[in-house]
$ cat structure-v1.cif   # mmCIF, C-alpha atoms
data_model
#
loop_
_atom_site.group_PDB
_atom_site.id
_atom_site.type_symbol
_atom_site.label_atom_id
_atom_site.label_comp_id
_atom_site.auth_asym_id
_atom_site.auth_seq_id
_atom_site.Cartn_x
_atom_site.Cartn_y
_atom_site.Cartn_z
ATOM 1 C CA MET A 8 0.000 0.000 0.000
ATOM 2 C CA THR A 9 1.464 3.341 -1.004
ATOM 3 C CA THR A 10 0.890 6.430 1.114
ATOM 4 C CA GLY A 11 2.033 8.987 -1.446
ATOM 5 C CA ARG A 12 4.674 10.160 1.008
ATOM 6 C CA LEU A 13 8.328 10.418 0.017
ATOM 7 C CA ARG A 14 10.208 7.304 1.185
ATOM 8 C CA VAL A 15 13.693 8.193 2.420
ATOM 9 C CA LEU A 16 16.488 5.893 3.553
ATOM 10 C CA VAL A 17 19.096 7.448 5.852
ATOM 11 C CA ALA A 18 22.466 5.750 6.436
ATOM 12 C CA GLU A 19 24.518 7.436 9.165
ATOM 13 C CA ASP A 20 26.776 5.926 11.831
ATOM 14 C CA ASN A 21 26.546 8.922 14.192
ATOM 15 C CA PRO A 22 23.439 8.228 16.331
ATOM 16 C CA GLU A 23 22.753 11.919 17.049
ATOM 17 C CA ILE A 24 22.824 12.883 13.375
ATOM 18 C CA LEU A 25 20.772 9.801 12.446
ATOM 19 C CA THR A 26 18.091 10.768 14.967
ATOM 20 C CA LEU A 27 18.155 14.418 13.879
ATOM 21 C CA LEU A 28 17.720 13.513 10.204
ATOM 22 C CA GLY A 29 14.938 11.059 11.049
ATOM 23 C CA GLU A 30 13.023 13.673 13.035
ATOM 24 C CA LEU A 31 13.507 16.363 10.395
ATOM 25 C CA LEU A 32 12.311 14.070 7.608
ATOM 26 C CA GLU A 33 9.261 13.025 9.609
ATOM 27 C CA ILE A 34 8.402 16.709 10.115
ATOM 28 C CA GLU A 35 8.622 16.992 6.324
ATOM 29 C CA ARG A 36 6.029 14.168 6.169
ATOM 30 C CA CYS A 37 8.442 11.567 4.768
ATOM 31 C CA GLU A 38 8.407 7.857 5.501
ATOM 32 C CA VAL A 39 11.864 7.257 6.932
ATOM 33 C CA ALA A 40 14.044 4.159 7.270
ATOM 34 C CA LEU A 41 17.072 4.700 9.518
ATOM 35 C CA CYS A 42 20.222 2.582 9.163
ATOM 36 C CA SER A 43 23.237 2.977 11.428
ATOM 37 C CA ASP A 44 25.628 1.374 8.931
ATOM 38 C CA GLY A 45 26.081 0.929 5.211
ATOM 39 C CA ALA A 46 25.560 -2.838 5.136
ATOM 40 C CA SER A 47 22.067 -2.598 6.637
ATOM 41 C CA ALA A 48 21.278 0.258 4.238
ATOM 42 C CA LEU A 49 22.170 -1.918 1.238
ATOM 43 C CA THR A 50 19.980 -4.699 2.619
ATOM 44 C CA ARG A 51 17.023 -2.299 3.001
ATOM 45 C CA ILE A 52 17.519 -1.006 -0.558
ATOM 46 C CA THR A 53 17.097 -4.543 -1.901
ATOM 47 C CA GLN A 54 13.965 -5.115 0.209
ATOM 48 C CA GLU A 55 12.008 -1.873 -0.158
ATOM 49 C CA PRO A 56 11.535 0.907 -2.696
ATOM 50 C CA PHE A 57 12.888 4.357 -1.773
ATOM 51 C CA ASP A 58 12.534 7.763 -3.405
ATOM 52 C CA LEU A 59 15.682 9.271 -1.866
ATOM 53 C CA ILE A 60 18.809 8.020 -0.091
ATOM 54 C CA LEU A 61 20.796 10.189 2.335
ATOM 55 C CA SER A 62 24.110 8.641 3.310
ATOM 56 C CA ASP A 63 27.172 9.559 5.299
ATOM 57 C CA ILE A 64 30.286 8.943 3.212
ATOM 58 C CA SER A 65 32.585 7.686 5.984
ATOM 59 C CA MET A 66 31.135 4.705 7.827
ATOM 60 C CA PRO A 67 32.795 1.510 9.009
ATOM 61 C CA GLY A 68 32.356 -1.394 6.605
ATOM 62 C CA VAL A 69 30.258 -0.229 3.661
ATOM 63 C CA SER A 70 30.852 3.457 2.880
ATOM 64 C CA GLY A 71 28.432 5.974 1.431
ATOM 65 C CA LEU A 72 30.359 5.820 -1.847
ATOM 66 C CA GLU A 73 29.705 2.066 -2.003
ATOM 67 C CA ILE A 74 26.022 2.691 -1.260
ATOM 68 C CA LEU A 75 25.968 5.206 -4.124
ATOM 69 C CA ASP A 76 27.687 2.816 -6.509
ATOM 70 C CA ARG A 77 25.662 -0.277 -5.620
ATOM 71 C CA SER A 78 22.279 1.439 -5.266
ATOM 72 C CA SER A 79 22.726 3.019 -8.701
ATOM 73 C CA ALA A 80 23.224 -0.459 -10.141
ATOM 74 C CA MET A 81 20.361 -2.057 -8.161
ATOM 75 C CA THR A 82 17.791 0.729 -8.404
ATOM 76 C CA PRO A 83 18.789 3.276 -11.065
ATOM 77 C CA GLY A 84 17.288 6.734 -10.877
ATOM 78 C CA ILE A 85 16.984 7.072 -7.093
ATOM 79 C CA PRO A 86 18.734 10.274 -6.002
ATOM 80 C CA VAL A 87 21.550 9.729 -3.520
ATOM 81 C CA VAL A 88 22.738 12.634 -1.360
ATOM 82 C CA LEU A 89 26.106 12.107 0.320
ATOM 83 C CA ILE A 90 26.954 13.779 3.618
ATOM 84 C CA SER A 91 30.484 14.148 4.954
ATOM 85 C CA GLY A 92 32.636 16.051 7.392
ATOM 86 C CA GLN A 93 35.256 16.434 4.693
ATOM 87 C CA VAL A 94 35.166 15.885 0.967
ATOM 88 C CA ASP A 95 38.328 15.910 -1.104
ATOM 89 C CA LEU A 96 38.421 16.409 -4.868
ATOM 90 C CA ASP A 97 38.761 12.678 -5.651
ATOM 91 C CA THR A 98 35.739 11.837 -3.497
ATOM 92 C CA ALA A 99 33.652 14.602 -5.054
ATOM 93 C CA LEU A 100 34.589 13.505 -8.581
ATOM 94 C CA PHE A 101 33.790 9.859 -7.779
ATOM 95 C CA ALA A 102 30.414 10.888 -6.369
ATOM 96 C CA LEU A 103 29.543 13.007 -9.406
ATOM 97 C CA ARG A 104 30.695 10.361 -11.884
ATOM 98 C CA HIS A 105 28.579 7.764 -10.121
ATOM 99 C CA GLY A 106 25.451 9.887 -10.148
ATOM 100 C CA ALA A 107 25.279 11.542 -6.722
ATOM 101 C CA PHE A 108 22.413 14.020 -6.615
ATOM 102 C CA ASP A 109 24.218 16.263 -4.130
ATOM 103 C CA CYS A 110 26.999 16.340 -1.552
ATOM 104 C CA LEU A 111 26.512 18.126 1.783
ATOM 105 C CA LEU A 112 29.255 19.030 4.223
ATOM 106 C CA LYS A 113 28.829 18.556 7.962
ATOM 107 C CA PRO A 114 27.679 20.493 9.760
ATOM 108 C CA PHE A 115 24.890 20.781 7.212
ATOM 109 C CA ARG A 116 22.027 23.222 7.509
ATOM 110 C CA LEU A 117 18.596 21.767 8.193
ATOM 111 C CA GLU A 118 17.287 23.990 5.396
ATOM 112 C CA ASP A 119 19.544 22.140 2.935
ATOM 113 C CA ILE A 120 17.857 18.834 3.804
ATOM 114 C CA GLN A 121 14.411 20.431 3.628
ATOM 115 C CA ASN A 122 15.176 21.891 0.179
ATOM 116 C CA ILE A 123 16.347 18.534 -1.142
ATOM 117 C CA VAL A 124 13.183 16.829 0.102
ATOM 118 C CA ARG A 125 10.902 19.500 -1.278
#

$ encode --input "structure-v1.cif" --output "structure tokens"
Amino acid sequence: MTTGRLRVLVAEDNPEILTLLGELLEIERCEVALCSDGASALTRITQEPFDLILSDISMPGVSGLEILDRSSAMTPGIPVVLISGQVDLDTALFALRHGAFDCLLKPFRLEDIQNIVR
């Protein structure tokens, strides 16, 4: 059953940021799936449809860049927004070449997330 609400998957290993993003997206009337690591995010992507993926780049195990790469292959067309405390040129180029919708630097502004969702 579809609710017509935007379905967003968030992958973030920092529990405070994960909670903050979840609450913000719920305020924006999104259906939210929260994953505290990249491996569980990839599992969720294979099990459920999502309209948007927000992912930290640097996580233990499966990184946000791997989520971008593998989700693009599994479910093409879903925008992936990468979030990081630091992005170097190589990382930014990899993200763009692999279809990242956007890259946000931490600390990000809540308005940036709201604008992406809207």

$ resolve_selection --input "structure-v1.cif" --expression "the PyMOL selection byres ((chain A and resi 10-25) around 7)" --output "ChimeraX atom specification"
/A:8-9,26-29,36-45,48,57-63,66

$ closest_residue --input "structure-v1.cif" --among "A:Phe101, A:Pro67, A:Leu111, A:Ile123" --to "Pro86 of chain A" --atoms "all atoms listed in the file"
A:Ile123

$ resolve_selection --input "structure-v1.cif" --expression "the PyMOL selection byres ((chain A and resi 109) around 9)" --output "PyMOL selection string"
chain A and resi 86-90+102-103+106-108+110-111+123

$ atom_distance --input "structure-v1.cif" --atom1 "atom CA of Arg104 of chain A" --atom2 "atom CA of Ser79 of chain A"
11.3 Å

$ resolve_selection --input "structure-v1.cif" --expression "the PyMOL selection byres ((chain A and resi 91) around 6)" --output "number ranges by chain"
A: 63-64, 90, 92-93, 112-113

$ axis_aligned_box --input "structure-v1.cif" --around "segment 108-120 of chain A" --padding-each-side "4 Å" --output "lines of an AutoDock Vina configuration file"
center_x = 23.3
center_y = 19.0
center_z = 1.6
size_x = 20.0
size_y = 18.0
size_z = 24.4

$ atom_distance --input "structure-v1.cif" --atom1 "atom CA of Ser65 of chain A" --atom2 "atom CA of Thr50 of chain A"
18.0 Å

$ closest_residue --input "structure-v1.cif" --among "A:Pro114, A:Asp119, A:Glu30, A:Leu72" --to "Asp97 of chain A" --atoms "all atoms listed in the file"
A:Leu72

$ atom_distance --input "structure-v1.cif" --atom1 "atom CA of Glu73 of chain A" --atom2 "atom CA of Ser47 of chain A"
12.4 Å

$ closest_residue --input "structure-v1.cif" --among "A:Glu55, A:Ser70, A:His105, A:Leu96" --to "Pro83 of chain A" --atoms "only C-alpha atoms"
A:His105

$ closest_residue --input "structure-v1.cif" --among "A:Gly71, A:Gln121, A:Ile85, A:Ile52" --to "Ala99 of chain A" --atoms "only C-alpha atoms"
A:Gly71
